[in-house]
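Peer 1: Data file protein_12.cif (mmCIF, C-alpha atoms and all ligand atoms) is appended below.
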data_target
#
loop_
_atom_site.label_atom_id
_atom_site.label_comp_id
_atom_site.auth_asym_id
_atom_site.auth_seq_id
_atom_site.Cartn_x
_atom_site.Cartn_y
_atom_site.Cartn_z
CA MET A 1 0.00 0.00 0.00
CA LEU A 2 1.12 3.55 -0.73
CA THR A 3 -0.64 4.95 2.32
CA ALA A 4 2.62 5.12 4.26
CA LYS A 5 4.02 7.58 1.71
CA TYR A 6 1.35 10.22 2.30
CA ASN A 7 -0.48 11.40 5.36
CA TYR A 8 -3.33 13.78 6.13
CA GLN A 9 -1.37 16.11 8.41
CA GLU A 10 1.36 16.87 5.86
CA THR A 11 -1.10 17.15 3.01
CA LEU A 12 -3.21 19.60 5.00
CA ALA A 13 -0.13 21.72 5.81
CA ALA A 14 0.85 21.79 2.11
CA SER A 15 -2.73 22.75 1.12
CA VAL A 16 -2.86 25.64 3.55
CA LYS A 17 0.46 26.88 2.18
CA ALA A 18 -0.54 26.64 -1.49
CA ASN A 19 -3.99 28.15 -0.98
CA TRP A 20 -4.71 31.03 -3.43
CA ARG A 21 -7.66 33.31 -4.09
CA ILE A 22 -9.61 33.48 -7.36
CA GLU A 23 -9.28 37.30 -7.28
CA ASP A 24 -5.51 36.91 -7.54
CA ILE A 25 -5.81 34.94 -10.78
CA ILE A 26 -8.62 36.46 -12.82
CA GLY A 27 -10.64 39.67 -12.80
CA GLY A 28 -9.81 43.37 -12.83
CA ASP A 29 -7.53 44.18 -15.77
CA LYS A 30 -6.44 40.56 -16.34
CA ARG A 31 -7.52 39.51 -19.84
CA LEU A 32 -7.11 36.43 -22.02
CA ASP A 33 -4.86 37.20 -24.99
CA PHE A 34 -6.68 35.80 -28.00
CA THR A 35 -3.61 36.22 -30.22
CA LYS A 36 -1.87 33.40 -28.35
CA PRO A 37 -2.47 29.66 -27.93
CA PHE A 38 -4.03 28.48 -24.65
CA MET A 39 -2.99 24.82 -24.78
CA PRO A 40 0.41 23.21 -25.29
CA GLU A 41 0.76 21.52 -28.67
CA SER A 42 1.35 18.10 -27.09
CA LEU A 43 -2.27 18.19 -25.86
CA ALA A 44 -3.91 20.27 -28.63
CA ARG A 45 -2.26 18.53 -31.62
CA VAL A 46 -3.31 21.17 -34.15
CA GLU A 47 0.03 21.77 -35.92
CA SER A 48 -0.32 18.79 -38.27
CA LEU A 49 -3.66 20.06 -39.63
CA ASP A 50 -2.35 21.45 -42.92
CA PHE A 51 -5.67 22.80 -44.16
CA LEU A 52 -5.51 25.45 -41.43
CA ASN A 53 -3.30 28.54 -41.57
CA ALA A 54 -1.37 29.70 -38.49
CA ASP A 55 -4.19 31.94 -37.18
CA GLU A 56 -6.78 29.22 -37.71
CA LYS A 57 -4.64 26.73 -35.79
CA ILE A 58 -4.64 29.16 -32.87
CA LEU A 59 -8.45 29.31 -33.05
CA LEU A 60 -8.69 25.51 -32.78
CA ASN A 61 -6.11 25.51 -30.00
CA GLN A 62 -8.24 28.03 -28.10
CA ILE A 63 -11.39 25.97 -28.66
CA ARG A 64 -9.47 23.08 -27.08
CA GLY A 65 -8.55 25.40 -24.21
CA PHE A 66 -12.22 26.21 -23.73
CA GLY A 67 -12.87 22.46 -23.70
CA TYR A 68 -10.24 22.05 -20.98
CA LEU A 69 -12.03 24.60 -18.79
CA TYR A 70 -15.32 22.88 -19.36
CA THR A 71 -14.07 19.30 -19.00
CA PHE A 72 -12.30 20.02 -15.72
CA GLY A 73 -15.37 21.90 -14.52
CA VAL A 74 -17.45 18.78 -15.27
CA VAL A 75 -15.12 16.29 -13.57
CA GLU A 76 -14.67 18.50 -10.52
CA GLU A 77 -18.45 18.65 -10.18
CA PHE A 78 -18.44 14.92 -9.48
CA ILE A 79 -15.21 14.95 -7.47
CA LEU A 80 -16.76 17.38 -4.96
CA PRO A 81 -19.69 15.15 -3.84
CA PHE A 82 -17.46 12.07 -4.01
CA VAL A 83 -15.01 13.57 -1.49
CA LEU A 84 -17.82 14.82 0.74
CA ASP A 85 -19.42 11.36 0.76
CA HIS A 86 -16.07 9.83 1.68
CA VAL A 87 -15.34 12.19 4.58
CA ARG A 88 -18.82 12.32 6.09
CA PRO A 89 -19.12 8.87 7.78
CA HIS A 90 -15.89 9.33 9.80
CA LEU A 91 -15.88 12.97 10.85
CA ASN A 92 -14.78 12.19 14.39
CA ASP A 93 -12.06 9.62 13.72
CA ASP A 94 -9.08 11.79 12.84
CA ASP A 95 -9.09 15.59 12.88
CA TYR A 96 -6.34 15.84 10.27
CA ARG A 97 -8.23 13.52 7.95
CA THR A 98 -11.45 15.50 8.33
CA ARG A 99 -9.73 18.83 7.77
CA ALA A 100 -7.57 17.63 4.87
CA LEU A 101 -10.56 16.16 3.03
CA LEU A 102 -12.80 19.17 3.69
CA GLN A 103 -9.99 21.42 2.47
CA PHE A 104 -9.80 19.22 -0.66
CA ALA A 105 -13.57 19.60 -1.20
CA SER A 106 -13.38 23.35 -0.62
CA GLU A 107 -10.53 23.72 -3.12
CA GLU A 108 -12.45 21.72 -5.69
CA ALA A 109 -15.47 24.02 -5.21
CA LYS A 110 -13.09 26.95 -5.72
CA HIS A 111 -11.67 25.36 -8.88
CA ILE A 112 -15.18 24.86 -10.28
CA HIS A 113 -15.74 28.57 -9.66
CA LEU A 114 -12.38 29.51 -11.21
CA PHE A 115 -13.03 27.45 -14.35
CA LYS A 116 -16.44 29.14 -14.66
CA ARG A 117 -14.82 32.58 -14.43
CA PHE A 118 -12.40 31.65 -17.22
CA HIS A 119 -15.31 30.18 -19.17
CA GLN A 120 -17.09 33.55 -18.99
CA ALA A 121 -13.94 35.42 -20.02
CA PHE A 122 -13.56 33.07 -23.00
CA VAL A 123 -17.17 33.53 -24.11
CA ARG A 124 -16.77 37.32 -23.94
CA GLY A 125 -13.67 37.31 -26.13
CA PHE A 126 -14.06 34.45 -28.61
CA PRO A 127 -15.73 35.24 -31.96
CA VAL A 128 -18.20 32.31 -32.05
CA GLU A 129 -20.18 30.16 -29.64
CA CYS A 130 -18.70 26.72 -28.82
CA ALA A 131 -21.15 23.96 -27.88
CA MET A 132 -20.21 21.64 -25.04
CA ILE A 133 -21.39 18.14 -24.09
CA GLY A 134 -23.55 17.77 -21.03
CA PRO A 135 -25.37 18.59 -18.92
CA SER A 136 -22.66 18.18 -16.29
CA GLU A 137 -25.21 16.90 -13.73
CA ALA A 138 -26.08 13.97 -15.98
CA ILE A 139 -22.41 13.15 -16.62
CA GLY A 140 -21.69 13.27 -12.88
CA ALA A 141 -24.70 11.09 -12.01
CA GLU A 142 -23.61 8.45 -14.54
CA VAL A 143 -20.05 8.36 -13.15
CA LEU A 144 -21.11 8.33 -9.49
CA ARG A 145 -23.53 5.41 -9.86
CA HIS A 146 -20.46 3.13 -10.07
CA ASP A 147 -18.50 1.34 -7.33
CA PRO A 148 -16.73 4.06 -5.25
CA LEU A 149 -13.40 2.26 -5.75
CA ALA A 150 -13.79 2.54 -9.54
CA VAL A 151 -14.77 6.21 -9.23
CA GLY A 152 -11.87 6.81 -6.84
CA LEU A 153 -9.43 5.34 -9.36
CA VAL A 154 -10.81 7.51 -12.17
CA ILE A 155 -10.40 10.59 -9.96
CA LEU A 156 -6.90 9.54 -8.92
CA MET A 157 -5.97 9.20 -12.60
CA ILE A 158 -7.45 12.63 -13.41
CA GLU A 159 -5.65 14.41 -10.58
CA TRP A 160 -2.23 12.93 -11.41
CA MET A 161 -2.95 13.92 -15.00
CA THR A 162 -3.11 17.63 -14.05
CA GLN A 163 0.40 17.25 -12.63
CA ALA A 164 1.69 15.71 -15.85
CA HIS A 165 0.02 18.41 -17.96
CA TYR A 166 1.60 21.31 -16.11
CA LEU A 167 5.07 19.92 -15.50
CA GLY A 168 5.33 18.00 -18.76
CA SER A 169 4.11 20.56 -21.27
CA ILE A 170 2.85 23.85 -19.83
CA ARG A 171 5.45 25.17 -17.38
CA ASP A 172 8.22 25.55 -19.96
CA ASP A 173 6.04 26.65 -22.89
CA GLY A 174 6.78 30.34 -23.51
CA ASP A 175 4.19 30.77 -26.27
CA LEU A 176 1.06 30.26 -24.18
CA ASP A 177 -1.24 33.05 -23.07
CA PRO A 178 0.11 34.05 -19.63
CA LEU A 179 -3.35 34.19 -18.02
CA PHE A 180 -4.32 30.71 -19.19
CA LYS A 181 -0.91 29.47 -18.09
CA SER A 182 -1.41 30.95 -14.64
CA LEU A 183 -4.73 29.09 -14.37
CA MET A 184 -2.90 25.84 -15.11
CA LYS A 185 -0.12 26.64 -12.66
CA ASN A 186 -2.44 27.49 -9.80
CA HIS A 187 -4.56 24.45 -10.48
CA TRP A 188 -1.45 22.25 -10.49
CA MET A 189 -0.33 23.66 -7.13
CA GLU A 190 -3.50 22.56 -5.33
CA GLU A 191 -4.08 19.38 -7.31
CA ALA A 192 -0.74 18.05 -6.08
CA GLN A 193 -2.35 17.57 -2.65
CA HIS A 194 -5.54 16.15 -4.14
CA ALA A 195 -3.65 13.39 -5.93
CA LYS A 196 -2.06 12.36 -2.63
CA LEU A 197 -5.39 12.42 -0.82
CA ASP A 198 -6.94 10.40 -3.64
CA THR A 199 -4.25 7.81 -3.07
CA LEU A 200 -5.28 7.57 0.58
CA ILE A 201 -8.96 7.40 -0.44
CA VAL A 202 -8.32 4.61 -2.93
CA ASP A 203 -6.32 2.65 -0.36
CA ALA A 204 -9.16 3.00 2.17
CA LEU A 205 -11.78 1.93 -0.39
CA ALA A 206 -9.72 -1.07 -1.48
CA GLU A 207 -9.03 -2.31 2.02
CA GLY A 208 -10.21 -5.84 2.66
CA ARG A 209 -11.28 -6.45 -0.94
CA THR A 210 -10.56 -9.76 -2.59
CA GLU A 211 -8.72 -9.99 -5.90
CA GLU A 212 -12.05 -10.74 -7.56
CA GLN A 213 -13.69 -7.65 -6.09
CA ILE A 214 -10.81 -5.47 -7.24
CA ASP A 215 -11.08 -6.97 -10.70
CA LYS A 216 -14.77 -6.07 -10.72
CA ALA A 217 -13.90 -2.48 -9.77
CA ILE A 218 -11.46 -2.36 -12.70
CA ASP A 219 -14.31 -3.49 -14.99
CA GLU A 220 -16.27 -0.51 -13.73
CA PHE A 221 -13.23 1.77 -14.13
CA PHE A 222 -13.27 0.81 -17.82
CA GLU A 223 -17.02 1.40 -18.01
CA ILE A 224 -16.55 4.95 -16.71
CA GLY A 225 -13.58 5.45 -19.04
CA GLY A 226 -15.66 4.28 -22.02
CA PHE A 227 -18.48 6.61 -21.06
CA LEU A 228 -16.13 9.61 -20.76
CA ASP A 229 -14.47 8.65 -24.03
CA GLU A 230 -17.82 8.79 -25.86
CA GLY A 231 -18.19 12.31 -24.50
CA LEU A 232 -14.75 13.25 -25.82
CA LYS A 233 -15.70 12.02 -29.28
CA ALA A 234 -18.93 14.01 -29.28
CA GLN A 235 -16.98 17.05 -28.08
CA ALA A 236 -14.49 16.70 -30.96
CA GLY A 237 -17.46 17.06 -33.33
CA PHE A 238 -18.73 20.16 -31.53
CA ASN A 239 -15.23 21.63 -31.62
CA LEU A 240 -15.06 21.19 -35.37
CA ASP A 241 -18.48 22.87 -35.74
CA ALA A 242 -17.16 25.84 -33.76
CA LEU A 243 -13.96 25.96 -35.83
CA GLU A 244 -15.94 25.99 -39.09
CA LYS A 245 -18.02 28.88 -37.82
CA ALA A 246 -14.91 30.75 -36.70
CA ILE A 247 -13.00 30.32 -40.01
CA GLY A 248 -16.11 30.85 -42.15
CA ARG A 249 -15.82 27.68 -44.23
CA LYS A 250 -16.61 23.96 -44.12
CA VAL A 251 -13.76 21.50 -43.96
CA GLU A 252 -13.57 18.54 -46.36
CA ASN A 253 -12.28 15.57 -44.41
CA ARG A 254 -14.53 16.02 -41.41
CA ASP A 255 -14.46 12.43 -40.07
CA GLU A 256 -10.69 12.27 -40.29
CA ILE A 257 -10.26 15.53 -38.36
CA ILE A 258 -12.76 14.47 -35.70
CA ALA A 259 -10.85 11.20 -35.27
CA GLN A 260 -7.51 13.03 -34.96
CA GLN A 261 -8.88 15.53 -32.44
CA HIS A 262 -10.71 12.80 -30.53
CA GLN A 263 -7.38 11.02 -30.16
CA ALA A 264 -5.75 14.24 -28.93
CA ALA A 265 -8.51 14.56 -26.31
CA ARG A 266 -8.08 10.90 -25.33
CA TRP A 267 -4.45 11.54 -24.55
CA THR A 268 -5.26 14.81 -22.73
CA TYR A 269 -8.01 13.49 -20.45
CA ILE A 270 -7.40 9.74 -20.14
CA GLY A 271 -4.11 8.46 -21.56
CA SER A 272 -1.79 10.95 -19.86
CA GLY A 273 -3.24 9.86 -16.51
CA MET A 274 -3.21 6.13 -17.28
CA VAL A 275 0.55 6.14 -17.79
CA HIS A 276 1.40 8.42 -14.84
CA GLU A 277 3.97 6.68 -12.65
CA ARG A 278 2.16 7.40 -9.38
CA PHE A 279 -1.15 6.17 -10.74
CA LYS A 280 0.53 3.00 -11.95
CA ALA A 281 2.18 2.54 -8.54
CA THR A 282 -1.20 2.69 -6.78
CA LEU A 283 -2.62 0.14 -9.21
CA GLU A 284 0.36 -2.12 -8.68
CA SER A 285 -0.12 -1.96 -4.92
CA LEU A 286 -3.84 -2.79 -5.30
CA SER A 287 -3.25 -5.74 -7.58
CA PRO A 288 -0.66 -6.47 -10.29
CA ARG A 289 -3.50 -7.73 -12.46
CA ALA A 290 -5.27 -4.35 -12.20
CA ALA A 291 -2.05 -2.60 -13.23
CA GLU A 292 -1.61 -4.99 -16.12
CA ARG A 293 -5.16 -4.55 -17.43
CA ILE A 294 -4.87 -0.77 -17.45
CA ALA A 295 -1.38 -0.84 -19.00
CA GLU A 296 -2.77 -3.02 -21.81
CA ALA A 297 -5.53 -0.50 -22.53
CA ALA A 298 -3.28 2.60 -22.33
CA PRO A 299 -2.02 2.60 -25.98
CA VAL A 300 -5.59 3.16 -27.21
CA PHE A 301 -5.51 6.52 -25.41
CA ALA A 302 -2.03 7.60 -26.44
FE FE B 401 -9.24 20.96 -9.28
FE FE B 402 -8.60 18.23 -7.60
#
Write the structure described by the file as structure tokens, please.
Peer 2:
Amino acid sequence: MLTAKYNYQETLAASVKANWRIEDIIGGDKRLDFTKPFMPESLARVESLDFLNADEKILLNQIRGFGYLYTFGVVEEFILPFVLDHVRPHLNDDDYRTRALLQFASEEAKHIHLFKRFHQAFVRGFPVECAMIGPSEAIGAEVLRHDPLAVGLVILMIEWMTQAHYLGSIRDDGDLDPLFKSLMKNHWMEEAQHAKLDTLIVDALAEGRTEEQIDKAIDEFFEIGGFLDEGLKAQAGFNLDALEKAIGRKVENRDEIIAQQHQAARWTYIGSGMVHERFKATLESLSPRAAERIAEAAPVFA
């Protein structure tokens, strides 16, 4: 078990230290710069689309940035009740645990709010409307109807993913819009604690389970992954609609572009978490078979 590596007291102390205010990130004279990309190319994958000129590639990149705001808003809307449900039955057991998990929930509520503020700023400055999948309540309800261990693993994967996104491709990218980059940086700072707390949550949920029960939870992990993946495909279609409106023309090879952008989204929201070393270590500690099953599926999301 990885539990020994992390503990509630240290995670709480780190959270209190990292804690920022929305007002420090967006608002006042802080504006998105729509002449710059919002997403790193490793996640957006727009450079290979030869039918677009440089400005049009930036438009698609920004549409993908808008999708990032929305997608994280959606997942955090189910993370929040999940964490609250986990903390509630044991409020009196360990004060550090209670405070660390409530801090986690409070930060996630703040992130939902922050992503909404960026969402509004995007809508004000972008030339066309971009449709998004949803509603988020329905997506959350579908995810949360599954075994809490399966949901916990999906959340663990998502929160390690934010760490990989920032450190792996955002921090050192000098071309990105500074405001969007600061959103990613601040999110990364607080998510670092969430990923550790998720590890503790997963360990607690897995405790006492047989190999067969863990295997069943992995089945459900794949069910949730498949459901989210369908959403990513639908979103790739909406993104192309928005791009066509923004550039004022229809594209020819629509299915091909949707497939390419769907794959980019798969890597952004699923694959980059599946292969994260810490996520893999938790799986390995749960059951080598669980780790193996997820490693086998990972190339589909690369
Ligand atoms: Fe978050
Ligand atoms: Fe989080």
Peer 1: Give one line per residue of chain A that approaches ligand FE 402 (chain B) to at most 9 Å, naming the two atoms of the closest pair and their distance in Å to one decimal, counting only C-alpha atoms and all ligand atoms; sort by chain then ascending residue number and deliver it as JSON lines.
Peer 2:
{"residue": "A:Glu76", "atom": "CA", "partner": "B:FE402", "partner_atom": "FE", "distance": 6.7}
{"residue": "A:Ile79", "atom": "CA", "partner": "B:FE402", "partner_atom": "FE", "distance": 7.4}
{"residue": "A:Leu80", "atom": "CA", "partner": "B:FE402", "partner_atom": "FE", "distance": 8.6}
{"residue": "A:Phe104", "atom": "CA", "partner": "B:FE402", "partner_atom": "FE", "distance": 7.1}
{"residue": "A:Ala105", "atom": "CA", "partner": "B:FE402", "partner_atom": "FE", "distance": 8.2}
{"residue": "A:Glu107", "atom": "CA", "partner": "B:FE402", "partner_atom": "FE", "distance": 7.3}
{"residue": "A:Glu108", "atom": "CA", "partner": "B:FE402", "partner_atom": "FE", "distance": 5.5}
{"residue": "A:His111", "atom": "CA", "partner": "B:FE402", "partner_atom": "FE", "distance": 7.9}
{"residue": "A:Ile155", "atom": "CA", "partner": "B:FE402", "partner_atom": "FE", "distance": 8.2}
{"residue": "A:Leu156", "atom": "CA", "partner": "B:FE402", "partner_atom": "FE", "distance": 9.0}
{"residue": "A:Ile158", "atom": "CA", "partner": "B:FE402", "partner_atom": "FE", "distance": 8.2}
{"residue": "A:Glu159", "atom": "CA", "partner": "B:FE402", "partner_atom": "FE", "distance": 5.7}
{"residue": "A:Thr162", "atom": "CA", "partner": "B:FE402", "partner_atom": "FE", "distance": 8.5}
{"residue": "A:His187", "atom": "CA", "partner": "B:FE402", "partner_atom": "FE", "distance": 8.0}
{"residue": "A:Trp188", "atom": "CA", "partner": "B:FE402", "partner_atom": "FE", "distance": 8.7}
{"residue": "A:Glu190", "atom": "CA", "partner": "B:FE402", "partner_atom": "FE", "distance": 7.1}
{"residue": "A:Glu191", "atom": "CA", "partner": "B:FE402", "partner_atom": "FE", "distance": 4.7}
{"residue": "A:Ala192", "atom": "CA", "partner": "B:FE402", "partner_atom": "FE", "distance": 8.0}
{"residue": "A:Gln193", "atom": "CA", "partner": "B:FE402", "partner_atom": "FE", "distance": 8.0}
{"residue": "A:His194", "atom": "CA", "partner": "B:FE402", "partner_atom": "FE", "distance": 5.1}
{"residue": "A:Ala195", "atom": "CA", "partner": "B:FE402", "partner_atom": "FE", "distance": 7.1}
{"residue": "A:Asp198", "atom": "CA", "partner": "B:FE402", "partner_atom": "FE", "distance": 8.9}
Peer 1: Nearest to ligand FE 401 (chain B): which of A:Leu43, A:Leu149, A:Met189, A:Leu60 is it, counting all atoms listed in the file?
Peer 2: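 Checking each candidate against ligand FE 401 (chain B), we get A:Met189 as the closest.
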Peer 1: So that I can see what lies close to segment 235-237 of chain A, please list as a PyMOL selection string the residues with an atom at most 7 Å from it, counting all atoms listed in the file and leaving out residues fewer than 3 positions away in the same chain.
Peer 2: chain A and resi 132-133+231-232+240-241+258+261-262
Peer 1: Set the distance at 12 Å and use only C-alpha atoms: which residues neighbour Asp50 of chain A once local chain neighbours fewer than 6 positions away are removed? I'd like the list as a count of residues only.
Peer 2: 5
Peer 1: Residues at most 10 Å from Pro299 of chain A, counting all atoms listed in the file, excluding those fewer than 3 positions away in the same chain, as a list of chain:residue names?
Peer 2: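 Contacts, in chain order: A:Trp267, A:Gly271, A:Met274, A:Val275, A:Ile294, A:Ala295, A:Glu296, A:Ala302.
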Peer 1: From the list A:Ala141, A:Ala246, A:Leu179, A:Gln260, which residue is nearest Arg45 of chain A when using only C-alpha atoms?
Peer 2: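 Using only C-alpha atoms, Arg45 of chain A sits closest to A:Gln260.
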Peer 1: Between atom CA of Thr71 of chain A and atom CA of Glu244 of chain A, what is the distance in Å, rounded to a tenth?
Peer 2: 21.3 Å
